[in-house]
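**Student:** mmCIF, C-alpha atoms, saved as entry_4.cif, coming up:
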```cif
data_model
loop_
_atom_site.label_atom_id
_atom_site.label_comp_id
_atom_site.auth_asym_id
_atom_site.auth_seq_id
_atom_site.Cartn_x
_atom_site.Cartn_y
_atom_site.Cartn_z
CA MET A 1 8.33 5.21 -9.36
CA ASP A 2 11.40 5.26 -7.17
CA LEU A 3 13.22 1.92 -6.94
CA LYS A 4 16.80 1.30 -5.84
CA THR A 5 18.88 -1.75 -6.73
CA GLU A 6 21.98 -3.37 -5.38
CA GLU A 7 23.57 -6.74 -5.93
CA ILE A 8 24.53 -8.86 -2.96
CA GLY A 9 25.92 -12.33 -3.60
CA ASP A 10 23.76 -13.99 -6.22
CA ALA A 11 20.73 -11.77 -5.64
CA ARG A 12 19.60 -8.44 -6.97
CA ILE A 13 17.87 -6.50 -4.24
CA VAL A 14 15.25 -4.06 -5.51
CA THR A 15 14.09 -1.66 -2.82
CA VAL A 16 10.83 0.23 -3.17
CA VAL A 17 11.45 3.73 -1.86
CA GLU A 18 7.84 4.93 -2.04
CA ASN A 19 5.27 3.99 0.60
CA ARG A 20 2.45 2.92 -1.75
CA ILE A 21 2.09 0.55 -4.69
CA ASP A 22 -1.42 1.41 -5.82
CA ALA A 23 -3.45 1.98 -8.99
CA ALA A 24 -1.78 5.36 -9.51
CA VAL A 25 1.70 3.84 -9.91
CA ALA A 26 1.11 0.14 -10.72
CA ILE A 27 2.00 0.40 -14.42
CA LYS A 28 5.06 2.54 -13.73
CA PHE A 29 6.16 0.07 -11.10
CA LYS A 30 5.82 -2.87 -13.49
CA ASP A 31 7.71 -1.05 -16.27
CA ARG A 32 10.50 0.00 -13.91
CA MET A 33 10.79 -3.55 -12.60
CA ARG A 34 11.17 -4.78 -16.18
CA GLU A 35 14.02 -2.31 -16.78
CA LEU A 36 15.77 -3.23 -13.55
CA THR A 37 15.48 -7.01 -13.98
CA VAL A 38 15.83 -7.43 -17.74
CA ASP A 39 19.06 -9.28 -17.02
CA GLY A 40 21.12 -10.13 -13.95
CA PRO A 41 21.13 -12.68 -11.18
CA LYS A 42 18.71 -15.58 -10.97
CA ARG A 43 17.23 -14.28 -7.74
CA VAL A 44 15.49 -10.95 -7.44
CA VAL A 45 14.48 -9.86 -3.94
CA LEU A 46 11.88 -7.08 -3.76
CA ASP A 47 12.32 -5.19 -0.50
CA LEU A 48 8.88 -3.84 0.45
CA SER A 49 9.77 -2.61 3.94
CA ALA A 50 8.97 1.04 3.08
CA VAL A 51 5.57 0.12 1.61
CA GLN A 52 2.61 0.79 3.90
CA PHE A 53 -0.19 0.22 1.39
CA ILE A 54 -0.83 -1.98 -1.59
CA ASP A 55 -4.08 -2.48 -3.51
CA SER A 56 -5.10 -5.11 -6.06
CA SER A 57 -3.47 -3.13 -8.87
CA GLY A 58 -0.19 -3.10 -6.96
CA LEU A 59 -0.53 -6.80 -6.24
CA GLY A 60 -1.13 -7.46 -9.94
CA ALA A 61 1.96 -5.43 -10.82
CA ILE A 62 4.12 -7.51 -8.46
CA VAL A 63 2.73 -10.72 -10.00
CA ALA A 64 3.48 -9.29 -13.47
CA SER A 65 7.04 -8.50 -12.31
CA MET A 66 7.48 -12.15 -11.38
CA LYS A 67 6.19 -13.30 -14.78
CA GLN A 68 8.53 -10.89 -16.59
CA LEU A 69 11.49 -12.75 -15.11
CA GLY A 70 10.63 -15.88 -17.11
CA GLY A 71 10.80 -19.41 -15.80
CA ALA A 72 14.49 -19.60 -14.92
CA ARG A 73 14.56 -16.68 -12.46
CA VAL A 74 12.60 -16.03 -9.32
CA LEU A 75 11.12 -13.05 -7.49
CA GLU A 76 11.15 -13.19 -3.70
CA LEU A 77 9.64 -10.63 -1.34
CA ALA A 78 11.06 -9.16 1.85
CA GLY A 79 9.89 -6.86 4.62
CA LEU A 80 6.12 -7.01 4.21
CA SER A 81 4.30 -4.74 6.67
CA PRO A 82 1.24 -6.34 8.35
CA THR A 83 -1.13 -4.41 6.04
CA VAL A 84 0.72 -5.50 2.90
CA GLU A 85 1.11 -9.06 4.14
CA LYS A 86 -2.66 -9.26 4.68
CA VAL A 87 -3.36 -8.55 0.99
CA PHE A 88 -1.02 -11.40 0.01
CA ARG A 89 -2.61 -13.71 2.57
CA LEU A 90 -6.24 -12.96 1.61
CA THR A 91 -5.53 -13.54 -2.09
CA ARG A 92 -3.35 -16.61 -1.34
CA MET A 93 -0.49 -14.95 -3.18
CA ASP A 94 1.56 -15.64 -0.05
CA THR A 95 1.76 -19.23 -1.33
CA VAL A 96 3.26 -18.12 -4.64
CA PHE A 97 6.13 -15.96 -3.41
CA LYS A 98 8.89 -16.83 -0.99
CA LEU A 99 8.50 -14.26 1.80
CA HIS A 100 11.37 -13.08 3.99
CA GLN A 101 11.29 -11.04 7.19
CA ASN A 102 13.61 -8.47 5.65
CA ALA A 103 16.25 -8.11 2.91
CA LYS A 104 19.01 -9.27 5.26
CA ALA A 105 17.12 -12.49 6.00
CA ALA A 106 16.55 -12.99 2.27
CA ILE A 107 20.29 -12.80 1.62
CA ALA A 108 21.11 -15.06 4.56
CA ALA A 109 18.46 -17.59 3.46
CA ASN A 110 20.29 -18.07 0.21
CA ALA A 111 23.75 -18.34 1.80
CA GLY A 112 22.51 -21.14 4.04
CA MET B 1 -46.98 3.37 -5.96
CA THR B 2 -43.34 3.28 -6.89
CA THR B 3 -41.22 6.03 -5.45
CA SER B 4 -37.53 6.67 -5.16
CA ALA B 5 -37.49 4.49 -2.05
CA THR B 6 -35.23 2.03 -3.86
CA ALA B 7 -32.33 4.47 -3.69
CA LEU B 8 -29.65 3.68 -1.17
CA THR B 9 -29.20 6.48 1.31
CA LEU B 10 -26.92 7.41 4.15
CA ASP B 11 -28.30 9.55 6.93
CA ALA B 12 -26.15 12.03 8.81
CA PRO B 13 -22.76 11.06 7.43
CA ASN B 14 -19.70 11.92 9.53
CA ILE B 15 -17.72 12.35 6.32
CA LEU B 16 -18.99 13.50 2.94
CA LEU B 17 -16.63 14.40 0.13
CA THR B 18 -16.83 14.84 -3.61
CA PHE B 19 -13.83 14.76 -5.92
CA PRO B 20 -13.03 14.34 -9.63
CA SER B 21 -12.41 10.83 -10.95
CA GLY B 22 -8.69 10.07 -11.09
CA GLU B 23 -6.10 7.79 -9.50
CA PHE B 24 -4.31 10.52 -7.59
CA ALA B 25 -7.60 12.09 -6.50
CA VAL B 26 -8.47 8.66 -5.06
CA ARG B 27 -5.25 8.76 -3.02
CA GLU B 28 -6.21 12.15 -1.62
CA ALA B 29 -9.74 10.97 -0.87
CA LEU B 30 -8.41 7.95 1.04
CA THR B 31 -6.17 10.21 3.11
CA ALA B 32 -9.11 12.55 3.79
CA VAL B 33 -11.41 9.70 4.86
CA LEU B 34 -8.81 8.14 7.14
CA SER B 35 -8.02 11.45 8.82
CA GLY B 36 -11.77 12.05 9.15
CA LEU B 37 -11.88 8.79 11.14
CA ASP B 38 -9.11 9.81 13.53
CA PHE B 39 -11.68 10.26 16.31
CA LEU B 40 -12.25 6.46 16.33
CA SER B 41 -8.58 5.63 17.00
CA LEU B 42 -8.75 2.63 14.66
CA ASP B 43 -5.89 0.16 14.96
CA LEU B 44 -3.63 -0.59 12.00
CA GLU B 45 -5.63 -3.62 10.87
CA GLU B 46 -8.92 -1.71 10.99
CA SER B 47 -7.69 1.36 9.14
CA GLY B 48 -5.93 -0.96 6.67
CA ALA B 49 -9.22 -2.71 5.89
CA VAL B 50 -11.04 0.61 5.44
CA GLU B 51 -8.34 1.95 3.15
CA LEU B 52 -8.15 -1.24 1.07
CA VAL B 53 -11.90 -1.70 0.54
CA LEU B 54 -12.45 1.97 -0.25
CA ALA B 55 -9.44 2.01 -2.60
CA GLU B 56 -10.80 -0.99 -4.52
CA VAL B 57 -14.28 0.55 -4.78
CA LEU B 58 -12.96 3.94 -5.92
CA ASN B 59 -10.42 2.46 -8.36
CA ASN B 60 -13.28 0.52 -9.96
CA VAL B 61 -15.22 3.74 -10.43
CA VAL B 62 -12.18 5.53 -11.92
CA GLU B 63 -11.19 2.68 -14.25
CA HIS B 64 -14.53 1.14 -15.23
CA ALA B 65 -17.46 3.46 -14.50
CA TYR B 66 -15.67 6.49 -15.96
CA GLY B 67 -12.44 5.44 -17.68
CA ASP B 68 -10.05 7.93 -19.25
CA GLU B 69 -12.47 9.27 -21.85
CA THR B 70 -15.37 10.31 -19.62
CA PRO B 71 -14.16 11.57 -16.25
CA GLY B 72 -16.71 12.76 -13.73
CA TRP B 73 -17.28 13.23 -10.03
CA ILE B 74 -17.26 10.67 -7.23
CA GLU B 75 -18.95 11.16 -3.87
CA VAL B 76 -18.05 9.23 -0.73
CA GLY B 77 -20.17 9.31 2.39
CA CYS B 78 -19.25 7.58 5.63
CA ALA B 79 -21.38 7.29 8.76
CA HIS B 80 -20.24 5.79 12.04
CA ARG B 81 -22.85 3.49 13.56
CA PRO B 82 -22.85 1.02 16.47
CA ASN B 83 -22.14 -1.88 14.07
CA GLY B 84 -19.34 -0.20 12.17
CA LEU B 85 -18.71 2.24 9.37
CA HIS B 86 -21.39 2.58 6.70
CA PHE B 87 -20.24 3.82 3.32
CA LEU B 88 -22.16 5.09 0.32
CA VAL B 89 -20.27 5.78 -2.90
CA ARG B 90 -22.04 7.57 -5.77
CA ASP B 91 -20.96 8.34 -9.32
CA GLU B 92 -22.61 9.03 -12.66
CA GLY B 93 -20.42 6.75 -14.76
CA ARG B 94 -21.37 3.61 -16.61
CA PRO B 95 -23.35 0.99 -14.64
CA LEU B 96 -21.76 -2.25 -13.49
CA PRO B 97 -21.89 -4.96 -16.19
CA ASP B 98 -25.43 -6.39 -16.32
CA GLY B 99 -26.35 -3.97 -13.54
CA VAL B 100 -25.35 -6.42 -10.83
CA LEU B 101 -22.61 -6.77 -8.24
CA PRO B 102 -19.82 -9.17 -9.17
CA ILE B 103 -19.78 -12.23 -6.89
CA GLY B 104 -16.20 -11.52 -5.98
CA GLN B 105 -14.73 -15.00 -6.00
CA ARG B 106 -11.06 -15.34 -5.23
CA PRO B 107 -9.18 -15.91 -8.50
CA ASP B 108 -7.57 -19.34 -8.65
CA ILE B 109 -3.86 -19.42 -7.99
CA SER B 110 -2.14 -21.53 -10.60
CA ASP B 111 0.98 -23.62 -10.01
CA VAL B 112 2.29 -22.26 -13.29
CA VAL B 113 3.81 -18.78 -12.88
CA ASP B 114 2.80 -17.70 -16.40
CA ALA B 115 -0.85 -18.50 -15.63
CA LEU B 116 -1.03 -16.52 -12.38
CA PRO B 117 -3.84 -13.95 -12.32
CA GLU B 118 -2.79 -10.29 -12.38
CA GLY B 119 -6.29 -8.94 -11.83
CA GLY B 120 -9.73 -9.84 -10.59
CA PHE B 121 -8.79 -9.39 -6.94
CA GLY B 122 -10.62 -6.12 -6.39
CA TRP B 123 -14.18 -7.38 -5.97
CA PHE B 124 -12.92 -10.39 -4.04
CA LEU B 125 -11.23 -8.09 -1.50
CA ILE B 126 -14.33 -5.87 -1.29
CA GLN B 127 -16.69 -8.82 -0.72
CA ASP B 128 -14.25 -10.47 1.69
CA LEU B 129 -13.60 -7.46 3.93
CA ALA B 130 -16.89 -5.55 3.70
CA LYS B 131 -20.37 -6.58 4.76
CA ASP B 132 -23.84 -5.82 3.35
CA VAL B 133 -22.45 -4.81 -0.05
CA GLN B 134 -25.33 -3.45 -2.14
CA TYR B 135 -25.53 -1.87 -5.56
CA ARG B 136 -28.29 0.06 -7.31
CA ARG B 137 -28.54 2.04 -10.48
CA HIS B 138 -30.85 4.97 -9.84
CA ASP B 139 -31.53 8.11 -11.86
CA GLY B 140 -28.37 7.63 -13.91
CA LEU B 141 -26.23 7.19 -10.81
CA ASN B 142 -24.31 4.21 -9.47
CA LEU B 143 -24.96 3.74 -5.76
CA LEU B 144 -22.76 1.33 -3.88
CA SER B 145 -23.13 0.86 -0.15
CA PHE B 146 -21.24 -1.36 2.24
CA ARG B 147 -20.32 -1.67 5.88
CA ILE B 148 -16.96 -2.33 7.47
CA SER B 149 -17.27 -3.61 10.99
CA VAL B 150 -14.58 -1.53 12.62
CA GLY B 151 -14.78 1.21 15.22
CA ILE B 152 -17.44 -0.76 17.04
CA ASP B 153 -18.31 0.60 20.44
CA HIS B 154 -18.37 -2.48 22.68
CA ARG B 155 -20.30 -0.62 25.35
CA VAL B 156 -23.29 -0.55 23.03
CA ASN B 157 -25.75 -3.45 23.60
#
```
Would you write out, as structure tokens, the structure that this file holds?

**Tutor:**
Amino acid sequence: MDLKTEEIGDARIVTVVENRIDAAVAIKFKDRMRELTVDGPKRVVLDLSAVQFIDSSGLGAIVASMKQLGGARVLELAGLSPTVEKVFRLTRMDTVFKLHQNAKAAIAANAG
Amino acid sequence: MTTSATALTLDAPNILLTFPSGEFAVREALTAVLSGLDFLSLDLEESGAVELVLAEVLNNVVEHAYGDETPGWIEVGCAHRPNGLHFLVRDEGRPLPDGVLPIGQRPDISDVVDALPEGGFGWFLIQDLAKDVQYRRHDGLNLLSFRISVGIDHRVN
């Protein structure tokens, strides 16, 4: 599961390079997220702009990634395509995560 | 007289494919079905709904009907009709628990992060996005049929 990270200000940006988070990669995604966020800034922004498809396994893995951060840190999401955003909306998970238009907006949101 | 009339069927499917149970085989099947539907020129929302519902159905077969220890085949049929796309999915894995379709309620979203659900969304998404979802166990096979109301020809009726 290909994920890239960079730190900007007080946020760690994790960018998903692959175009699907589905049942085939959900566990790998969750494990990789754990490795990449085991320590570091309080805010983690998951940039999903390359992701064109997510299923319920992928959704569950993103929720698990949020839980792995523990109570003091937060996972925010950026760059949801309409198809991905729909899965969050239908399941009401859009009310759980702070959603940003893109990674740049996520960084700016914090600065402001 | 009881006959096999209880079996769900799909006449003259536009797409019919059989593949081995597995998560990556499901990916390939989804790609094959969507390219088989190219002739309908579905918009992004329509093809997204087809891909999501079919992915949830097929992932259930891979994970629950078969599981890692007893892989088998999965067959997907799809027929374009005036009221949308009719699907029939068949496999010879284990039946659904109690032999009935899950209701597919949306899992409750907790205010507490630790209590958020990580699963249970699959049947909710299927029941929410598909219509006429039906399940039968017949001759050792699971038969699941459903309709997705996309690709509707508005000139009909």

**Student:** Any idea what the distance is between atom CA of B:Leu129 and atom CA of B:Glu46?

**Tutor:**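 So the answer is 10.2 Å.
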
**Student:** Given the PyMOL selection byres ((chain B) within 6 of (chain A)) and the file above, list the residues it selects as a list of chain:residue names.

**Tutor:**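 This file gives the following for the PyMOL selection byres ((chain B) within 6 of (chain A)): B:Glu23, B:Gly48, B:Asp114, B:Glu118, B:Gly119, B:Phe121, B:Gly122.
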
**Student:** Please list, as a PyMOL selection string, the residues that have an atom at most 12 Å away from (22.4, -6.1, -6.0) in the coordinates of this file, counting only C-alpha atoms.

**Tutor:** chain A and resi 4-15+36-37+39-47+103+107

**Student:** Can you tell me which residues surround B:Asn14 at a distance of at most 7 Å, considering all atoms listed in the file, apart from same-chain residues fewer than 5 positions away, and format the answer as a PyMOL selection string?

**Tutor:** chain B and resi 78-80

**Student:** Just the number, please: distance in Å from atom CA of B:Glu92 to atom CA of B:His64, one decimal.

**Tutor:** 11.6 Å

**Student:** Distance atom CA of B:Leu101-atom CA of B:Leu37, one decimal place?

**Tutor:** 27.1 Å

**Student:** Which residue gives the smallest distance to B:Ile109 among A:Ala109, A:Phe88, A:Leu99, A:Leu69, with all atoms listed in the file counted?

**Tutor:**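 For B:Ile109, the nearest of the given residues is A:Phe88.
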